[in-house]
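Content type PDB, C-alpha atoms, from the file work.pdb:
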```
ATOM      1  CA  MET O   1     -19.036  49.850  51.789
ATOM      2  CA  PRO O   2     -19.382  53.623  52.305
ATOM      3  CA  SER O   3     -16.820  55.983  50.839
ATOM      4  CA  PRO O   4     -14.222  57.352  53.270
ATOM      5  CA  ALA O   5     -14.799  60.822  54.624
ATOM      6  CA  GLY O   6     -12.806  63.681  53.157
ATOM      7  CA  PRO O   7      -9.430  64.838  54.494
ATOM      8  CA  GLY O   8      -9.572  66.353  57.945
ATOM      9  CA  SER O   9     -12.980  64.834  58.679
ATOM     10  CA  ARG O  10     -13.965  64.619  62.349
ATOM     11  CA  SER O  11     -17.042  62.494  61.648
ATOM     12  CA  THR O  12     -18.025  59.923  64.228
ATOM     13  CA  ASP O  13     -20.704  58.404  61.950
ATOM     14  CA  SER O  14     -20.859  54.658  62.652
ATOM     15  CA  ARG O  15     -20.770  54.070  58.901
ATOM     16  CA  THR O  16     -17.180  55.314  58.747
ATOM     17  CA  THR O  17     -15.965  53.720  61.981
ATOM     18  CA  GLY O  18     -12.770  51.857  61.152
ATOM     19  CA  ILE O  19     -12.606  53.423  57.685
ATOM     20  CA  THR O  20     -11.364  56.892  58.591
ATOM     21  CA  PRO O  21      -9.574  57.893  61.804
ATOM     22  CA  THR O  22     -11.092  60.571  64.007
ATOM     23  CA  LEU O  23      -9.371  63.020  66.279
ATOM     24  CA  ARG O  24     -11.576  61.858  69.140
ATOM     25  CA  GLU O  25     -10.390  58.243  68.953
ATOM     26  CA  LEU O  26      -6.742  59.266  68.630
ATOM     27  CA  VAL O  27      -6.981  61.547  71.655
ATOM     28  CA  ALA O  28      -8.631  58.718  73.619
ATOM     29  CA  LEU O  29      -5.541  56.555  73.050
ATOM     30  CA  ARG O  30      -3.599  58.704  75.515
ATOM     31  CA  GLY O  31      -4.797  56.461  78.324
ATOM     32  CA  LEU O  32      -3.691  53.348  76.429
ATOM     33  CA  ALA O  33      -0.203  54.772  75.927
ATOM     34  CA  ALA O  34       0.041  55.748  79.599
ATOM     35  CA  ALA O  35      -1.001  52.262  80.703
ATOM     36  CA  ALA O  36       1.612  50.670  78.451
ATOM     37  CA  GLY O  37       4.236  52.997  79.905
ATOM     38  CA  ARG O  38       3.303  51.981  83.442
ATOM     39  CA  ARG O  39       3.572  48.299  82.524
ATOM     40  CA  ARG O  40       7.049  48.850  81.116
ATOM     41  CA  GLY O  41       8.077  50.711  84.274
ATOM     42  CA  GLN O  42       6.762  47.976  86.542
ATOM     43  CA  ALA O  43       8.737  45.443  84.524
ATOM     44  CA  GLY O  44      11.914  47.338  85.304
ATOM     45  CA  VAL O  45      12.737  48.393  81.760
ATOM     46  CA  SER O  46      12.314  52.140  82.099
ATOM     47  CA  GLY O  47      14.010  54.937  83.998
ATOM     48  CA  PRO O  48      16.953  57.131  83.090
ATOM     49  CA  ALA O  49      19.674  55.160  84.883
ATOM     50  CA  ALA O  50      18.998  51.909  83.003
ATOM     51  CA  SER O  51      17.720  53.194  79.688
ATOM     52  CA  SER O  52      19.040  51.458  76.569
ATOM     53  CA  LEU O  53      17.362  53.893  74.179
ATOM     54  CA  ARG O  54      19.589  55.906  71.834
ATOM     55  CA  GLY O  55      19.682  59.614  72.729
ATOM     56  CA  ARG O  56      18.027  59.038  76.081
ATOM     57  CA  GLY O  57      19.120  58.144  79.607
ATOM     58  CA  MET O  58      22.530  59.001  81.101
ATOM     59  CA  GLU O  59      25.755  60.095  79.449
ATOM     60  CA  TYR O  60      29.257  60.380  80.920
ATOM     61  CA  ALA O  61      30.180  63.871  82.154
ATOM     62  CA  GLU O  62      33.430  63.533  84.162
ATOM     63  CA  SER O  63      35.310  61.523  86.786
ATOM     64  CA  ARG O  64      35.904  62.702  90.352
ATOM     65  CA  ASP O  65      37.359  61.318  93.606
ATOM     66  CA  TYR O  66      35.314  58.478  95.046
ATOM     67  CA  VAL O  67      33.458  59.237  98.267
ATOM     68  CA  PRO O  68      31.707  56.722 100.534
ATOM     69  CA  GLY O  69      28.219  56.044  99.280
ATOM     70  CA  ASP O  70      29.061  56.269  95.570
ATOM     71  CA  ASP O  71      27.867  53.366  93.450
ATOM     72  CA  ALA O  72      30.774  50.938  93.117
ATOM     73  CA  ARG O  73      29.550  49.987  89.645
ATOM     74  CA  HIS O  74      30.514  53.478  88.438
ATOM     75  CA  ILE O  75      34.149  53.337  89.532
ATOM     76  CA  ASP O  76      36.392  54.636  86.738
ATOM     77  CA  TRP O  77      39.092  51.983  86.832
ATOM     78  CA  ARG O  78      41.218  53.596  84.131
ATOM     79  CA  VAL O  79      41.543  56.936  85.972
ATOM     80  CA  THR O  80      41.927  55.089  89.283
ATOM     81  CA  ALA O  81      44.878  53.098  87.911
ATOM     82  CA  ARG O  82      46.484  56.196  86.421
ATOM     83  CA  THR O  83      46.205  58.400  89.517
ATOM     84  CA  GLY O  84      46.435  55.850  92.283
ATOM     85  CA  ARG O  85      43.241  57.265  93.839
ATOM     86  CA  THR O  86      39.777  55.764  93.462
ATOM     87  CA  HIS O  87      37.621  57.757  91.056
ATOM     88  CA  THR O  88      33.971  57.411  90.135
ATOM     89  CA  LYS O  89      32.209  58.389  86.912
ATOM     90  CA  VAL O  90      29.651  61.192  87.027
ATOM     91  CA  PHE O  91      26.740  61.037  84.616
ATOM     92  CA  GLN O  92      24.201  63.587  83.477
ATOM     93  CA  VAL O  93      20.811  63.160  81.881
ATOM     94  CA  GLU O  94      21.050  63.376  78.116
ATOM     95  CA  ARG O  95      19.111  66.041  76.240
ATOM     96  CA  GLU O  96      15.519  65.295  75.389
ATOM     97  CA  ARG O  97      14.961  62.935  72.508
ATOM     98  CA  THR O  98      12.696  63.532  69.511
ATOM     99  CA  THR O  99      10.366  60.837  68.243
ATOM    100  CA  TRP O 100       9.647  61.134  64.515
ATOM    101  CA  LEU O 101       6.712  59.401  62.829
ATOM    102  CA  LEU O 102       7.595  58.435  59.260
ATOM    103  CA  CYS O 103       4.162  57.950  57.694
ATOM    104  CA  ASP O 104       3.634  55.856  54.589
ATOM    105  CA  THR O 105       0.415  56.848  52.802
ATOM    106  CA  ALA O 106       0.509  54.325  49.967
ATOM    107  CA  PRO O 107      -2.894  53.378  48.473
ATOM    108  CA  ALA O 108      -2.453  49.788  49.712
ATOM    109  CA  LEU O 109      -3.022  50.991  53.287
ATOM    110  CA  TYR O 110      -6.569  52.223  52.641
ATOM    111  CA  PHE O 111      -8.045  48.769  52.918
ATOM    112  CA  GLY O 112      -9.185  46.377  55.612
ATOM    113  CA  THR O 113     -11.429  43.391  56.321
ATOM    114  CA  ARG O 114     -11.071  43.079  60.117
ATOM    115  CA  VAL O 115     -12.068  45.814  62.586
ATOM    116  CA  ARG O 116     -10.513  48.722  60.677
ATOM    117  CA  PHE O 117      -8.551  49.799  57.622
ATOM    118  CA  LYS O 118      -4.773  49.491  57.721
ATOM    119  CA  SER O 119      -4.648  53.269  57.355
ATOM    120  CA  VAL O 120      -6.724  53.721  60.520
ATOM    121  CA  GLN O 121      -4.511  51.297  62.404
ATOM    122  CA  ALA O 122      -1.481  53.279  61.214
ATOM    123  CA  ALA O 123      -3.034  56.469  62.581
ATOM    124  CA  ARG O 124      -3.844  54.773  65.878
ATOM    125  CA  ALA O 125      -0.330  53.322  66.216
ATOM    126  CA  GLY O 126       1.070  56.780  65.503
ATOM    127  CA  ALA O 127      -1.183  58.288  68.158
ATOM    128  CA  VAL O 128       0.059  55.766  70.731
ATOM    129  CA  ALA O 129       3.627  56.746  69.808
ATOM    130  CA  ALA O 130       2.813  60.444  70.136
ATOM    131  CA  TRP O 131       1.250  60.082  73.576
ATOM    132  CA  ALA O 132       4.062  57.779  74.702
ATOM    133  CA  ALA O 133       6.590  60.419  73.667
ATOM    134  CA  VAL O 134       4.729  63.047  75.698
ATOM    135  CA  GLY O 135       4.662  60.725  78.700
ATOM    136  CA  GLU O 136       8.405  60.131  78.452
ATOM    137  CA  GLY O 137       9.226  63.823  78.124
ATOM    138  CA  ASP O 138      10.231  63.519  74.470
ATOM    139  CA  ARG O 139       9.453  65.823  71.585
ATOM    140  CA  ILE O 140       7.226  64.533  68.780
ATOM    141  CA  ALA O 141       7.232  65.235  65.016
ATOM    142  CA  ALA O 142       5.814  63.652  61.863
ATOM    143  CA  LEU O 143       6.291  63.633  58.106
ATOM    144  CA  ARG O 144       5.116  61.826  54.994
ATOM    145  CA  GLY O 145       6.230  61.532  51.379
ATOM    146  CA  THR O 146       5.298  64.869  49.878
ATOM    147  CA  THR O 147       6.919  68.173  49.037
ATOM    148  CA  ALA O 148       3.507  69.871  48.993
ATOM    149  CA  GLU O 149       3.206  69.969  52.785
ATOM    150  CA  PRO O 150       5.933  70.603  55.352
ATOM    151  CA  PRO O 151       6.529  68.087  58.147
ATOM    152  CA  VAL O 152       4.929  68.601  61.530
ATOM    153  CA  PRO O 153       7.906  70.142  63.360
ATOM    154  CA  PRO O 154       9.227  68.764  66.656
ATOM    155  CA  GLY O 155       7.458  70.008  69.745
ATOM    156  CA  GLY O 156       6.869  68.949  73.307
ATOM    157  CA  GLY O 157       3.780  68.401  75.413
ATOM    158  CA  PRO O 158       0.133  67.696  74.613
ATOM    159  CA  ARG O 159      -0.180  70.583  72.145
ATOM    160  CA  ALA O 160       2.563  69.115  69.980
ATOM    161  CA  ALA O 161       0.930  65.688  70.180
ATOM    162  CA  LEU O 162      -2.378  67.177  69.051
ATOM    163  CA  ARG O 163      -0.702  68.758  66.016
ATOM    164  CA  VAL O 164       0.649  65.343  65.064
ATOM    165  CA  LEU O 165      -2.719  63.684  65.665
ATOM    166  CA  ASP O 166      -4.449  66.254  63.459
ATOM    167  CA  ALA O 167      -1.969  65.440  60.680
ATOM    168  CA  LEU O 168      -2.577  61.708  61.101
ATOM    169  CA  VAL O 169      -6.345  62.259  60.752
ATOM    170  CA  ARG O 170      -5.822  64.196  57.516
ATOM    171  CA  TRP O 171      -3.194  61.903  56.030
ATOM    172  CA  TYR O 172      -5.086  58.698  56.754
ATOM    173  CA  ALA O 173      -8.622  59.858  55.930
ATOM    174  CA  ALA O 174      -8.099  58.868  52.274
ATOM    175  CA  ALA O 175      -5.131  58.154  50.027
ATOM    176  CA  PRO O 176      -3.542  61.608  49.483
ATOM    177  CA  ALA O 177      -3.490  62.768  45.870
ATOM    178  CA  ASN O 178      -0.130  64.496  46.311
ATOM    179  CA  ASP O 179       1.815  61.656  47.931
ATOM    180  CA  GLU O 180       5.178  61.114  46.226
ATOM    181  CA  GLY O 181       6.045  57.826  47.858
ATOM    182  CA  PHE O 182       7.681  56.329  50.909
ATOM    183  CA  ALA O 183      11.168  56.824  49.444
ATOM    184  CA  ILE O 184      10.582  60.594  49.516
ATOM    185  CA  ALA O 185       9.438  60.409  53.131
ATOM    186  CA  PHE O 186      12.527  58.370  54.011
ATOM    187  CA  ASP O 187      14.799  60.873  52.282
ATOM    188  CA  HIS O 188      13.173  63.708  54.225
ATOM    189  CA  ALA O 189      13.854  61.804  57.441
ATOM    190  CA  ARG O 190      17.519  61.276  56.587
ATOM    191  CA  ARG O 191      17.967  65.032  56.125
ATOM    192  CA  LEU O 192      15.803  66.341  58.968
ATOM    193  CA  VAL O 193      16.215  63.930  61.879
ATOM    194  CA  ARG O 194      19.051  64.758  64.247
ATOM    195  CA  PRO O 195      21.265  61.957  65.619
ATOM    196  CA  GLY O 196      19.931  60.133  68.658
ATOM    197  CA  ALA O 197      16.275  60.382  67.678
ATOM    198  CA  ARG O 198      13.690  57.627  67.548
ATOM    199  CA  VAL O 199      12.172  57.051  64.109
ATOM    200  CA  ILE O 200       8.951  55.042  63.885
ATOM    201  CA  ALA O 201       8.018  54.099  60.321
ATOM    202  CA  LEU O 202       4.333  53.290  59.846
ATOM    203  CA  CYS O 203       4.288  51.531  56.501
ATOM    204  CA  ASP O 204       3.148  48.864  54.099
ATOM    205  CA  ALA O 205       5.718  46.095  53.683
ATOM    206  CA  ARG O 206       5.994  46.670  49.938
ATOM    207  CA  SER O 207       6.759  50.344  50.459
ATOM    208  CA  THR O 208       9.955  49.436  52.307
ATOM    209  CA  GLN O 209      11.337  48.016  49.058
ATOM    210  CA  ALA O 210      11.633  51.559  47.684
ATOM    211  CA  VAL O 211      14.499  52.224  50.137
ATOM    212  CA  ASP O 212      17.785  50.373  49.652
ATOM    213  CA  ASP O 213      19.578  48.360  52.318
ATOM    214  CA  ALA O 214      22.368  50.891  52.838
ATOM    215  CA  ALA O 215      19.877  53.674  53.568
ATOM    216  CA  TRP O 216      18.036  51.587  56.168
ATOM    217  CA  ALA O 217      21.319  50.569  57.809
ATOM    218  CA  GLY O 218      22.574  54.155  57.789
ATOM    219  CA  LEU O 219      19.441  55.468  59.482
ATOM    220  CA  ALA O 220      19.539  52.696  62.104
ATOM    221  CA  ALA O 221      23.195  53.464  62.846
ATOM    222  CA  ARG O 222      22.327  57.019  63.917
ATOM    223  CA  HIS O 223      18.888  56.518  65.437
ATOM    224  CA  GLU O 224      16.621  53.991  67.071
ATOM    225  CA  VAL O 225      14.488  52.880  64.116
ATOM    226  CA  VAL O 226      11.224  50.952  64.467
ATOM    227  CA  ALA O 227       9.235  49.717  61.470
ATOM    228  CA  VAL O 228       5.562  48.987  62.101
ATOM    229  CA  LEU O 229       4.321  46.966  59.125
ATOM    230  CA  LEU O 230       0.548  47.295  58.671
ATOM    231  CA  VAL O 231      -1.268  44.168  57.464
ATOM    232  CA  ASP O 232      -4.773  42.775  57.198
ATOM    233  CA  PRO O 233      -5.437  39.181  58.363
ATOM    234  CA  LEU O 234      -6.939  38.316  54.982
ATOM    235  CA  GLU O 235      -3.637  39.139  53.308
ATOM    236  CA  LEU O 236      -1.618  36.767  55.485
ATOM    237  CA  ALA O 237      -4.129  33.920  55.941
ATOM    238  CA  PRO O 238      -6.721  33.857  53.152
ATOM    239  CA  PRO O 239      -9.541  31.308  53.440
ATOM    240  CA  ARG O 240      -9.551  28.259  51.181
ATOM    241  CA  ALA O 241     -12.695  29.439  49.467
ATOM    242  CA  THR O 242     -13.965  31.520  46.589
ATOM    243  CA  LEU O 243     -13.566  35.199  47.423
ATOM    244  CA  PRO O 244     -15.866  37.676  45.628
ATOM    245  CA  LEU O 245     -14.118  40.940  44.768
ATOM    246  CA  ARG O 246     -15.407  44.104  43.151
ATOM    247  CA  SER O 247     -13.273  46.659  41.335
ATOM    248  CA  ASP O 248     -14.645  49.643  39.407
ATOM    249  CA  GLY O 249     -18.097  48.123  39.629
ATOM    250  CA  VAL O 250     -17.023  44.811  38.125
ATOM    251  CA  ARG O 251     -17.291  41.670  40.235
ATOM    252  CA  SER O 252     -14.823  38.812  39.956
ATOM    253  CA  ASP O 253     -14.552  35.593  41.960
ATOM    254  CA  VAL O 254     -11.098  34.505  43.141
ATOM    255  CA  ASP O 255     -10.763  30.790  43.886
ATOM    256  CA  LEU O 256      -8.346  30.751  46.801
ATOM    257  CA  ALA O 257      -8.680  26.994  47.098
ATOM    258  CA  ALA O 258      -6.815  26.583  43.797
ATOM    259  CA  PRO O 259      -3.091  25.987  44.495
ATOM    260  CA  ALA O 260      -1.875  28.276  41.711
ATOM    261  CA  VAL O 261      -4.133  31.143  42.768
ATOM    262  CA  ARG O 262      -3.197  30.693  46.396
ATOM    263  CA  ALA O 263       0.506  30.731  45.525
ATOM    264  CA  ARG O 264       0.099  34.003  43.632
ATOM    265  CA  TRP O 265      -1.815  35.477  46.577
ATOM    266  CA  GLN O 266       0.926  34.504  49.004
ATOM    267  CA  ALA O 267       3.602  35.975  46.729
ATOM    268  CA  ARG O 268       1.657  39.225  46.428
ATOM    269  CA  PHE O 269       0.755  39.750  50.095
ATOM    270  CA  ALA O 270       2.423  37.430  52.629
ATOM    271  CA  ALA O 271       5.891  37.081  51.093
ATOM    272  CA  PRO O 272       6.694  40.841  51.094
ATOM    273  CA  VAL O 273       5.870  41.049  54.799
ATOM    274  CA  GLU O 274       8.238  38.266  55.772
ATOM    275  CA  ALA O 275      10.909  39.586  53.395
ATOM    276  CA  ALA O 276      10.659  43.065  54.928
ATOM    277  CA  ARG O 277      10.847  41.658  58.446
ATOM    278  CA  THR O 278      14.003  39.682  57.664
ATOM    279  CA  ARG O 279      15.671  42.389  55.608
ATOM    280  CA  LEU O 280      15.083  45.282  57.981
ATOM    281  CA  SER O 281      16.005  43.305  61.097
ATOM    282  CA  ALA O 282      19.349  42.503  59.467
ATOM    283  CA  ARG O 283      19.926  46.263  59.021
ATOM    284  CA  GLY O 284      19.442  47.101  62.694
ATOM    285  CA  VAL O 285      15.763  48.043  62.457
ATOM    286  CA  ARG O 286      13.258  46.789  65.035
ATOM    287  CA  VAL O 287      10.263  45.348  63.212
ATOM    288  CA  HIS O 288       6.702  44.592  64.289
ATOM    289  CA  VAL O 289       3.861  43.339  62.093
ATOM    290  CA  LEU O 290       0.630  45.014  63.232
ATOM    291  CA  ALA O 291      -2.656  43.568  61.991
ATOM    292  CA  THR O 292      -5.823  45.604  61.667
ATOM    293  CA  ASP O 293      -7.558  43.562  64.380
ATOM    294  CA  ALA O 294      -4.674  43.757  66.883
ATOM    295  CA  PRO O 295      -4.525  46.172  69.840
ATOM    296  CA  SER O 296      -3.146  49.462  68.536
ATOM    297  CA  ASP O 297      -0.393  49.495  71.169
ATOM    298  CA  ALA O 298       0.757  45.917  70.493
ATOM    299  CA  TRP O 299       3.788  47.142  68.534
ATOM    300  CA  ARG O 300       5.253  48.909  71.598
ATOM    301  CA  ALA O 301       6.618  45.622  72.887
ATOM    302  CA  VAL O 302       9.252  45.808  70.152
ATOM    303  CA  LEU O 303      10.847  48.801  71.917
ATOM    304  CA  ASP O 304      11.825  46.569  74.836
ATOM    305  CA  ALA O 305      13.419  43.889  72.662
ATOM    306  CA  PRO O 306      17.187  43.756  72.011
ATOM    307  CA  ARG O 307      18.244  45.590  68.879
ATOM    308  CA  PRO O 308      18.537  43.232  65.894
ATOM    309  CA  GLY O 309      21.900  41.522  65.919
ATOM    310  CA  ARG O 310      22.945  43.206  69.189
ATOM    311  CA  GLY O 311      22.546  42.678  72.902
ATOM    312  CA  ARG O 312      21.029  45.089  75.368
TER     313      ARG O 312
END
```
In structure tokens, what does this structure look like?
Amino acid sequence: MPSPAGPGSRSTDSRTTGITPTLRELVALRGLAAAAGRRRGQAGVSGPAASSLRGRGMEYAESRDYVPGDDARHIDWRVTARTGRTHTKVFQVERERTTWLLCDTAPALYFGTRVRFKSVQAARAGAVAAWAAVGEGDRIAALRGTTAEPPVPPGGGPRAALRVLDALVRWYAAAPANDEGFAIAFDHARRLVRPGARVIALCDARSTQAVDDAAWAGLAARHEVVAVLLVDPLELAPPRATLPLRSDGVRSDVDLAAPAVRARWQARFAAPVEAARTRLSARGVRVHVLATDAPSDAWRAVLDAPRPGRGR
């Protein structure tokens, strides 16, 4: 397998397709994000008056006398009872929301056996999020676990999305040498993200273990938090066969038909994914497991689901 291109590479060489993300492919995902947004709108789950997203939609401004034609569903019964005159609630559009990408760049992501590396799928999922934010009128920002490079600051419009996409290409071209871990990225998010934002964590399931339950719950209490767990199909459903592996030039054969070996494989790869899904959902985080061979926008369906443990 060819070595990944260096950081910031824009190569479109077929030998690196699926191994390193390119700016061209991330820009091309704008159409995919727009199509997904149209599908959500046609399904009746978008629009400011009915939005269930934190920091987005309509917020109460005041109550005034009811006039014919006002929506009866907005009658303020408390003020009406107190004054003896029918009043209706007046709403205003909330301020624009910021979508933050919380990017895990753990070495485990720079691997894949189906279609693309997990790192490339992370970049593509982040690009879909960036273009979706632009389409919804949101601001977009991104950060990862390092003190050597500042986060991509919040900005609006296509230019801001392109800044985020450029960062995704660099961060996911190869495992960064100066990455300090997902816990550092999470801590940055807790300090930088203003209440009412949307936080989308692109991460390996095992990286989520570096952040304790209280921190996850605290972030989810102030923001809409989505965890996109990147996996490879081989990790979750290994074949019952002998799998040849090579590490540092040394080949070894792993007998995945042997019960003991298979059990260790499941404990190493599949179990952390299910544990992360259960644990984070219980803390108010929306979770989606995104495989390397899945459509890069498949995770967006999780945004329309009820928040874990709560109704719409």
Take CA of Ala108 in chain O and CA of Gly181 in chain O and report the distance between them in Å, one decimal.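 Atom-to-atom, CA of Ala108 in chain O to CA of Gly181 in chain O, that is 11.8 Å.
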Given the point (28.6, 54.3, 89.8) in the coordinates of this file, which residues lie within 8 Å, counting only C-alpha atoms, and how would they look as a PyMOL selection string? chain O and resi 70-75+88-90
For the selection you just gave me, I'd like the residues written to a file as a short mmCIF file (atom, residue, chain, number, x, y, z; two decimals), in the frame of the given file, keeping C-alpha atoms.
```
data_model
loop_
_atom_site.label_atom_id
_atom_site.label_comp_id
_atom_site.auth_asym_id
_atom_site.auth_seq_id
_atom_site.Cartn_x
_atom_site.Cartn_y
_atom_site.Cartn_z
CA ASP O 70 29.06 56.27 95.57
CA ASP O 71 27.87 53.37 93.45
CA ALA O 72 30.77 50.94 93.12
CA ARG O 73 29.55 49.99 89.64
CA HIS O 74 30.51 53.48 88.44
CA ILE O 75 34.15 53.34 89.53
CA THR O 88 33.97 57.41 90.14
CA LYS O 89 32.21 58.39 86.91
CA VAL O 90 29.65 61.19 87.03
#
```
Compare O:Ala141, O:Leu23, O:Ala301, O:Ala263 by their minimum atom-to-atom distance to Leu192 in chain O, counting all atoms listed in the file, and give me the closest one. O:Ala141
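Picture a line from CA of Asp179 in chain O to CA of Cys103 in chain O; it runs 10.7 Å.
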Using only C-alpha atoms: which of O:Leu236, O:Leu280, O:Val231, O:Ala81 has the shortest distance to Gly218 in chain O: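 Under the stated criterion, the closest residue is O:Leu280.
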List as a VMD selection string the protein and nucleic acid residues near range 158-174 of chain O, meaning an atom at most 9 Å away when all atoms listed in the file are counted, but skip any in the same chain fewer than 5 places from it. chain O and resid 4 to 10 19 to 23 26 to 27 101 103 105 107 109 to 110 119 to 120 122 to 124 126 to 127 130 to 131 133 to 134 139 to 144 152 to 153
Writing out the chosen residues with C-alpha atoms as an mmCIF file, in the coordinates of the input:
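Listing of result23.cif after writing:
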```
data_model
loop_
_atom_site.group_PDB
_atom_site.id
_atom_site.type_symbol
_atom_site.label_atom_id
_atom_site.label_comp_id
_atom_site.auth_asym_id
_atom_site.auth_seq_id
_atom_site.Cartn_x
_atom_site.Cartn_y
_atom_site.Cartn_z
ATOM 1 C CA PRO O 4 -14.222 57.352 53.270
ATOM 2 C CA ALA O 5 -14.799 60.822 54.624
ATOM 3 C CA GLY O 6 -12.806 63.681 53.157
ATOM 4 C CA PRO O 7 -9.430 64.838 54.494
ATOM 5 C CA GLY O 8 -9.572 66.353 57.945
ATOM 6 C CA SER O 9 -12.980 64.834 58.679
ATOM 7 C CA ARG O 10 -13.965 64.619 62.349
ATOM 8 C CA ILE O 19 -12.606 53.423 57.685
ATOM 9 C CA THR O 20 -11.364 56.892 58.591
ATOM 10 C CA PRO O 21 -9.574 57.893 61.804
ATOM 11 C CA THR O 22 -11.092 60.571 64.007
ATOM 12 C CA LEU O 23 -9.371 63.020 66.279
ATOM 13 C CA LEU O 26 -6.742 59.266 68.630
ATOM 14 C CA VAL O 27 -6.981 61.547 71.655
ATOM 15 C CA LEU O 101 6.712 59.401 62.829
ATOM 16 C CA CYS O 103 4.162 57.950 57.694
ATOM 17 C CA THR O 105 0.415 56.848 52.802
ATOM 18 C CA PRO O 107 -2.894 53.378 48.473
ATOM 19 C CA LEU O 109 -3.022 50.991 53.287
ATOM 20 C CA TYR O 110 -6.569 52.223 52.641
ATOM 21 C CA SER O 119 -4.648 53.269 57.355
ATOM 22 C CA VAL O 120 -6.724 53.721 60.520
ATOM 23 C CA ALA O 122 -1.481 53.279 61.214
ATOM 24 C CA ALA O 123 -3.034 56.469 62.581
ATOM 25 C CA ARG O 124 -3.844 54.773 65.878
ATOM 26 C CA GLY O 126 1.070 56.780 65.503
ATOM 27 C CA ALA O 127 -1.183 58.288 68.158
ATOM 28 C CA ALA O 130 2.813 60.444 70.136
ATOM 29 C CA TRP O 131 1.250 60.082 73.576
ATOM 30 C CA ALA O 133 6.590 60.419 73.667
ATOM 31 C CA VAL O 134 4.729 63.047 75.698
ATOM 32 C CA ARG O 139 9.453 65.823 71.585
ATOM 33 C CA ILE O 140 7.226 64.533 68.780
ATOM 34 C CA ALA O 141 7.232 65.235 65.016
ATOM 35 C CA ALA O 142 5.814 63.652 61.863
ATOM 36 C CA LEU O 143 6.291 63.633 58.106
ATOM 37 C CA ARG O 144 5.116 61.826 54.994
ATOM 38 C CA VAL O 152 4.929 68.601 61.530
ATOM 39 C CA PRO O 153 7.906 70.142 63.360
#
```
Determine the nearest neighbour of Glu235 in chain O from the options O:Arg114, O:Arg97, O:Arg251, O:Arg222, counting all atoms listed in the file.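 Counting all atoms listed in the file, the residue closest to Glu235 in chain O is O:Arg114.
The shortest atom-to-atom distance to Gln209 in chain O, with only C-alpha atoms taken into account, belongs to O:Pro272 out of O:Pro238, O:Pro154, O:Pro272, O:Gly84.
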If we count only C-alpha atoms and set the cut-off at 10 Å, which residues sit around range 265-271 of chain O, ignoring sequence neighbours fewer than 2 positions away in its own chain? Please answer as a PDB file with C-alpha atoms, keeping the file's coordinate frame.
```pdb
ATOM      1  CA  ALA O 205       5.718  46.095  53.683  1.00  0.00           C
ATOM      2  CA  ARG O 206       5.994  46.670  49.938  1.00  0.00           C
ATOM      3  CA  VAL O 231      -1.268  44.168  57.464  1.00  0.00           C
ATOM      4  CA  ASP O 232      -4.773  42.775  57.198  1.00  0.00           C
ATOM      5  CA  PRO O 233      -5.437  39.181  58.363  1.00  0.00           C
ATOM      6  CA  LEU O 234      -6.939  38.316  54.982  1.00  0.00           C
ATOM      7  CA  GLU O 235      -3.637  39.139  53.308  1.00  0.00           C
ATOM      8  CA  LEU O 236      -1.618  36.767  55.485  1.00  0.00           C
ATOM      9  CA  ALA O 237      -4.129  33.920  55.941  1.00  0.00           C
ATOM     10  CA  PRO O 238      -6.721  33.857  53.152  1.00  0.00           C
ATOM     11  CA  VAL O 254     -11.098  34.505  43.141  1.00  0.00           C
ATOM     12  CA  LEU O 256      -8.346  30.751  46.801  1.00  0.00           C
ATOM     13  CA  PRO O 259      -3.091  25.987  44.495  1.00  0.00           C
ATOM     14  CA  ALA O 260      -1.875  28.276  41.711  1.00  0.00           C
ATOM     15  CA  VAL O 261      -4.133  31.143  42.768  1.00  0.00           C
ATOM     16  CA  ARG O 262      -3.197  30.693  46.396  1.00  0.00           C
ATOM     17  CA  ALA O 263       0.506  30.731  45.525  1.00  0.00           C
ATOM     18  CA  VAL O 273       5.870  41.049  54.799  1.00  0.00           C
ATOM     19  CA  GLU O 274       8.238  38.266  55.772  1.00  0.00           C
ATOM     20  CA  ALA O 275      10.909  39.586  53.395  1.00  0.00           C
ATOM     21  CA  ALA O 276      10.659  43.065  54.928  1.00  0.00           C
ATOM     22  CA  ARG O 277      10.847  41.658  58.446  1.00  0.00           C
TER      23      ARG O 277
END
```
Record the distance separating CA of Val287 in chain O and CA of Val302 in chain O, expressed in Å with one decimal.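 Spanning CA of Val287 in chain O to CA of Val302 in chain O is a straight-line distance of 7.0 Å.
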Could you tell me which residues the PyMOL selection byres ((chain O and resi 242) around 9) returns for this structure, as a PyMOL selection string? chain O and resi 239-241+243-244+253-257
Counting all atoms listed in the file, what is within 9 Å of Arg307 in chain O, bar same-chain residues fewer than 5 positions away, as a PyMOL selection string? chain O and resi 224+281+284-286+312
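With distances restricted to all atoms listed in the file, O:Val226 is the closest residue to Asp304 in chain O from O:Ala106, O:Val226, O:Asp138, O:Arg264.
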So which one's closest to Ala217 in chain O, O:Ala189, O:Ala282, O:Leu230, O:Ala197? Using only C-alpha atoms, please.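 Checking each candidate against Ala217 in chain O, we get O:Ala282 as the closest.
Applied to the file shown here, the PyMOL selection byres ((chain O and resi 115) around 10) selects the residues O:Thr17, O:Gly18, O:Ile19, O:Gly112, O:Thr113, O:Arg114, O:Arg116, O:Phe117, O:Lys118, O:Val120, O:Gln121, O:Asp232, O:Ala291, O:Thr292, O:Asp293, O:Ala294.
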Excluding Phe186 in chain O and residues on its chain fewer than 6 positions from it, collect all residues at most 10 Å away from it, counting all atoms listed in the file, and give them as a compact mmCIF listing (two decimals) with C-alpha atoms, in the frame of the given file.
```txt
# COMPACT_ATOMS: atom_id res chain seq x y z
CA LEU O 102 7.60 58.44 59.26
CA CYS O 103 4.16 57.95 57.69
CA ASP O 104 3.63 55.86 54.59
CA LEU O 143 6.29 63.63 58.11
CA ARG O 144 5.12 61.83 54.99
CA GLY O 145 6.23 61.53 51.38
CA LEU O 192 15.80 66.34 58.97
CA ALA O 201 8.02 54.10 60.32
CA THR O 208 9.96 49.44 52.31
CA ALA O 210 11.63 51.56 47.68
CA VAL O 211 14.50 52.22 50.14
CA ALA O 215 19.88 53.67 53.57
CA TRP O 216 18.04 51.59 56.17
CA LEU O 219 19.44 55.47 59.48
```
